[in-house]
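Report on the following structure.
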Amino acid sequence: MCSSRIDPAARTRRVKPPLLLGALASACAASGCISGPLHTFRSSAENARTGSDRSRSIANLAELGVHDNLGPGLEYRVDAQVVQGTSDRTTDGVDSHDTTLTARPSAELVLSSDTLRWSQRFETLRTRSTFSLGQDTSLVRNDMLEKLEWTPPGLPQFTTWLNFRTVDDELFVEQTTVESFFQVQQTLPVLDYQYTLLSRVDDDERSGVENDRLEHTLRASWREEAAEGRFTSTVSVFANKRKNELSGSSGGLPGVVVTPTQGLAQRDTTPQISTLPTNAALVDDIDTSTAGINIGGFASGGEEDWNFGAHFNAGSTIDTIHVSTVDTVDSVFASQFVFTVWISDDNAFWTQVGNIAAPDYDVVLHRFRLVVPPITANYVKVVNRTSPPGAPAVLVSELRFFASPTSASPTITTHDETESATTALTYRLNEQWIVGLDLFLQTANTDTSGVDVRDEERIDQGLWANYTPPAKVDANVRFATQRTRDPLVQDEDIATLTSVVAYRPLETLDLNASYTHTDRELDGAQSLETEALQGLTSAQLLDTLRADVTVQKSTQDDTTNQRQIDHWITGASLVAELTAALELTLGWRDDRADVAGTGALDIPDPSERRTEMIWVYKPSDQLVMQLELAWVDNFAGNGLDQRARADWIPFADGVLDVTLDYDHVSVDSSGSSEVDRYRGQMRYTLTPRAFFQLDWSLQDPKDEARTEILAVAFNFSS
């Protein structure tokens with residue numbers, strides 16, 4: 001029995017090789033010679049040029065898979081994947097030639113019954129890379145996984161597994177990892193619970209570093225209903241205890257881990273005055289899942305000026321940042337990235353950190369390493385100011401922060417222990433009122449070679465209420481406090497009051513108001529006080545005309561940085577459907593700020609005035625054209641920013657699929673810059689499992705070298 005498994009992302013990923021296997025697969029498909037266990041053939045080639053720089057990459061992928069039943073409840077899977085690639089580049093007149101060969105065979109045996117499932121899997125990865133301008137490398141990774149699942153009906157469900165991994169690289173790593181996992185969970189009429197125990201031991205003989213980690217996690221939720229569901233209460237608990245021991249030579253250790261409280265990310269071309277929203281995936285300690293940030297080449301959908309960072313407890317100091325990526329970045333592309341690092345006290349005004357070292361990239365652990373001078377800040381972010389245009393997608397998965405060990409002894413031992421618990425209570429008083437209470441408790445202790453560097457106790461608590469009468473009004477209020485005590489670092493107290501009211505007197509009129517007040521103290525002294533009041537009105541004046549008005553008043557008293565900021569923001573917009581295919585938006589926004597105090601000179605003036613016009617023309621689902629014009633006046637200058645975009649799909653569906661895209665951006669308000677971007681894609685489907693695809697991209701910035709990329713790919717699956 002043969003199973004089919006196609007990775008959709010791999011169809012557009014630019015792994016790029018000769019078309020020999022593709023031509024062979026096509027010929028065999030036409031003649032009917034392909035049968036049996038053949039899984040997938042994929043072949044692609046890409047040519048890119050930027051000014052006088054050139055690159056050509058070719059890749060071939062072959063996958064074979066067999067899956068069959070040996071008897072009742074007994075099955076096996078055998079898979080093998082081989083990837084061969086070559087890359088030729090000319091950069092600044094210097095030629096290079098690189099080759100890579102990767103083989104990934106695996107085998108799995110599964111024994112199952114109605115309630116029991118046992119599996120054993122072995123997988124090995126062997127990669128050989130040669131570089132004409134660098135040192136050749138060879139990587140071998142072996143994984144042995146044994147897993148047992150027991151799912152009796154009406155009883156607790158058990159899952160346990162043991163994974164043994166070895167990684168050996170000629171240059172960097174000789175690591176052994178033993179990871180064990182145990183989980184029990186059950187769903188009852190009023191109670192759900194899940195307990196997890198995770199143990200992991202990493203031993204790297206090359207660097208002399210050993211890391212032991214033990215983690216307990218409990219999740220539980222209790223629900224009760226009374227009076228036919230009119231009165232309900234819910235209690236949820238999340239408890240976590242983590243213990244980490246890190247030891248090794250001072251030269252091999254990355255330093256003491258500094259754990260952030262929150263991940264943040266947003267694309268912003270003005271990093272001096274950006275406010276970043278939460279992105280929890282950046283600090284979830286999972287390296288294999290993307291955080292939604294692509295800093296790769298423009299042809300892969302990547303973008304420059306991503307601002308991604310984290311919020312720390314007050315007094316946190318770091319000097320090393322690791323930026324992990326989902327997949328390994330080619331060393332030639334990795335060397336072309338340029339990052340800047342910024343710090344802030346309030347996630348509003350940022351200062352760039354100077355004297356940072358050029359980033360280095362670890363191809364084995366797939367992460368960038370940024371070394372900065374020791375910095376102490378509540379917020380730290382990284383901005384990718386330059387990304388190689390021809391690079392494939394580079395998906396950021398995780399941010400980690402470190403502080404160098406304070407001990408100068410040749411052997412460093414770091415002990416880190418964290419216990420945390422979260423409890424949430426929700427109680428419905430009646431059909432109109434819901435109240436809730438949430439509580440977060442944490443203790444964190446870290447010592448380096450017997451010297452305490454962290455001794456934290458933290459309590460966060462919040463009380464909230466929601467009022468929803470039968471019609472027209474929805475009101476929420478929340479009061480929360482955060483109390484952190486750390487005699488080694490800093491004490492912090494934060495109190496926040498937030499209220500939101502939504503009123504809809506008519507079906508065509510929405511009125512919304514919100515108020516927020518935050519007060520922060522450091523070591524018992526006033527540090528930052530903010531207050532903001534916002535009102536938003538949205539009215540459907542006609543069936544084809546909508547109006548929005550926004551008014552916001554905020555004040556900020558920043559004692560730490562000795563500045564006061566008064567902010568007035570007013571804005572209005574009209575959205576009109578002129579015809580069934582044409583829409584016009586007129587917008588105006590005035591952001592006025594008064595910055596006073598001795599620290600006012602440390603930040604740019606955040607005042608900005610913007611007037612914009614947006615035309616959207618959509619004569620059909622296959623054609624969309626958009627024109628944006630905005631006159632902007634801010635601290636960086638003033639001028640007309642314009643953007644024109646057209647998306648056209650000549651053929652809606654069928655065997656031939658063609659997409660064309662044009663984007664023109666001209667910015668005058670923050671320095672004169674102009675760029676045209678063109679993208680085109682054609683896919684010809686030979687059979688339901690075979691296709692030919694052609695991709696073309698062009699980025700043409702004014703007064704700079706343009707980049708053009710042409711990629712051809714063929715895919716066949718049995």
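By convention in this document, the chains of the structure tokens carry letters A, B, ... by their order, each chain's residues are numbered from 1, and ligands are numbered from 1 in the order they are shown.
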
Legend entry - Long-range neighbours of A:Leu528 as JSON, numbers by chain, 8 Å cut-off, only C-alpha atoms, 3 positions minimum in chain: {"A": [518, 519, 520, 521, 556, 557, 558, 559, 560]}

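Note that atom CA of A:Val364 and atom CA of A:Arg77 are 27.5 Å apart.
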
Find the nearest atom pair between each residue of stretch 64-153 of chain A and stretch 332-350 of chain A for residues within 10 Å, count only C-alpha atoms, give distances in Å to one decimal, sort rows by chain and ascending number, and present the table as CSV.
residue,atom,partner,partner_atom,distance
A:Ser87,CA,A:Val332,CA,9.8
A:Arg89,CA,A:Val332,CA,9.0
A:Thr91,CA,A:Val332,CA,9.8
A:Ser96,CA,A:Val332,CA,9.6
A:Asp98,CA,A:Val332,CA,9.5
A:Phe131,CA,A:Val332,CA,9.8
A:Leu133,CA,A:Val332,CA,9.9
A:Gly134,CA,A:Val332,CA,9.9

Take the residues that were just selected and, keeping N, CA and C atoms, output them as a short mmCIF file (atom, residue, chain, number, x, y, z; two decimals), in the first residue's frame.
data_model
loop_
_atom_site.label_atom_id
_atom_site.label_comp_id
_atom_site.auth_asym_id
_atom_site.auth_seq_id
_atom_site.Cartn_x
_atom_site.Cartn_y
_atom_site.Cartn_z
N SER A 87 24.45 25.53 -5.85
CA SER A 87 24.26 26.97 -5.86
C SER A 87 25.53 27.63 -6.38
N ARG A 89 27.11 31.52 -7.23
CA ARG A 89 26.87 32.94 -6.96
C ARG A 89 28.08 33.77 -7.37
N THR A 91 29.17 37.53 -6.14
CA THR A 91 28.87 38.64 -5.23
C THR A 91 30.09 39.54 -5.15
N SER A 96 31.38 31.85 -6.25
CA SER A 96 31.33 30.76 -5.28
C SER A 96 30.46 29.64 -5.83
N ASP A 98 28.52 26.11 -4.25
CA ASP A 98 28.19 25.31 -3.07
C ASP A 98 27.31 24.14 -3.49
N PHE A 131 31.55 24.09 0.37
CA PHE A 131 31.55 25.52 0.06
C PHE A 131 32.90 25.89 -0.55
N LEU A 133 33.99 28.88 -0.82
CA LEU A 133 34.57 30.00 -0.08
C LEU A 133 34.52 29.79 1.43
N GLY A 134 34.16 28.61 1.86
CA GLY A 134 34.06 28.36 3.29
C GLY A 134 34.45 26.94 3.63
#

Inset, instruction - Quick one: pick out all helix (DSSP H, G or I) residues within stretch 472-693 of chain A from a backbone DSSP run and write them as number ranges by chain. - result: A: 598-602

Legend entry - From A:Trp222, A:Phe122, A:Tyr195, A:Tyr361, residue lying nearest A:Phe172 [only C-alpha atoms]: A:Tyr361

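With atom CA of A:Val167 on one side and atom CA of A:Val363 on the other, the separation reads 12.8 Å.
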
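For stretch 309-313 of chain A, the residues within 9 Å (counting only C-alpha atoms, excluding itself and residues fewer than 5 positions away along the chain) are Val258, Thr259, Pro260, Thr261, Gln262, Gly263, Leu264, Ala265, Leu276, Thr278, Asn279, Leu282, Val283, Trp342, Asn347, Ala377, Asn378, Tyr379, Val380, Lys381, Val382, Val383, Leu399, Thr484, Gln490 and Glu492 of chain A.
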
Inset, instruction - Please run DSSP on the backbone and report, as a PyMOL selection string, all residues within stretch 235-338 of chain A that come out as strand (DSSP E or B). - result: chain A and resi 235-249+256-257+262-267+278+293-294+306-311+317-325+338

Residues at most 7 Å from A:Leu574, counting only C-alpha atoms, excluding those fewer than 5 positions away in the same chain, as a compact mmCIF listing (two decimals) with N, CA and C atoms, in the first residue's frame?
# COMPACT_ATOMS: atom_id res chain seq x y z
N ARG A 546 -20.39 55.39 4.51
CA ARG A 546 -20.14 55.17 5.93
C ARG A 546 -19.13 56.20 6.43
N ALA A 547 -19.33 56.69 7.66
CA ALA A 547 -18.44 57.68 8.25
C ALA A 547 -17.93 57.17 9.60
N ASP A 548 -16.65 57.45 9.89
CA ASP A 548 -16.02 57.09 11.16
C ASP A 548 -15.30 58.31 11.72
N THR A 585 -12.25 56.01 -0.33
CA THR A 585 -12.09 56.32 1.10
C THR A 585 -11.31 57.62 1.23
N LEU A 586 -11.87 58.57 1.99
CA LEU A 586 -11.20 59.82 2.31
C LEU A 586 -10.93 59.82 3.81
N GLY A 587 -9.67 60.06 4.20
CA GLY A 587 -9.32 60.01 5.61
C GLY A 587 -8.46 61.18 6.03

Legend entry - For atom CA of A:Ser607 and atom CA of A:Phe635, the interatomic separation in Å (one decimal):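 One can read the atom CA of A:Ser607 to atom CA of A:Phe635 distance as 7.0 Å.
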
Inset, instruction - Considering only C-alpha atoms, state which residue in the set A:Leu656, A:Ala475, A:Met613, A:Ala358 is at the smallest distance from A:Leu584. - result: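 Closest residue, counting only C-alpha atoms: A:Met613.
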
Legend entry - Nearest-residue call for A:Gly390, choices A:Ser324, A:Ser554, A:Gln266, A:Ser300, using only C-alpha atoms: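 Once distances to A:Gly390 are computed over only C-alpha atoms, the minimum belongs to A:Ser300.
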
Inset, instruction - Fewer than 6 positions away in the same chain doesn't count, so skip those; otherwise give me all residues within 12 Å of A:Ser620, counting only C-alpha atoms, as an MDAnalysis selection string. - result: chainID A and resid 580:582 647:652

Inset, instruction - Could you check which of A:Ser499, A:Gln562, A:Thr100, A:Gln534 is closest to A:Asp602, using only C-alpha atoms? - result: A:Gln562

Residues near A:Phe368, anyone? I mean within 8 Å using only C-alpha atoms, not counting same-chain ones fewer than 4 positions away, as a PDB file with C-alpha atoms, in the first residue's frame.
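That gives us around22.pdb:
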ATOM      1  CA  HIS A 322      19.039  34.570  19.727  1.00  0.00           C
ATOM      2  CA  VAL A 323      16.630  34.859  16.761  1.00  0.00           C
ATOM      3  CA  SER A 324      15.529  31.322  15.852  1.00  0.00           C
ATOM      4  CA  PRO A 359      25.196  38.793  13.593  1.00  0.00           C
ATOM      5  CA  ASP A 360      26.447  35.256  13.147  1.00  0.00           C
ATOM      6  CA  TYR A 361      24.195  32.396  12.058  1.00  0.00           C
ATOM      7  CA  ASP A 362      24.329  28.824  13.384  1.00  0.00           C
TER       8      ASP A 362
END

7 Å contact set for A:Glu146, only C-alpha atoms, chain neighbours under 2 positions out, as a PDB file with C-alpha atoms, in the first residue's frame:
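See selection-v3.pdb below for the written result:
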ATOM      1  CA  SER A 119       4.713   2.770  17.978  1.00  0.00           C
ATOM      2  CA  GLN A 120       8.437   2.833  17.449  1.00  0.00           C
ATOM      3  CA  ARG A 121      10.096   5.143  14.950  1.00  0.00           C
ATOM      4  CA  MET A 144      14.700   6.965  18.098  1.00  0.00           C
ATOM      5  CA  TRP A 161       7.048   8.530  24.957  1.00  0.00           C
ATOM      6  CA  LEU A 162      10.824   8.401  25.076  1.00  0.00           C
ATOM      7  CA  ASN A 163      12.988  10.098  22.455  1.00  0.00           C
TER       8      ASN A 163
END
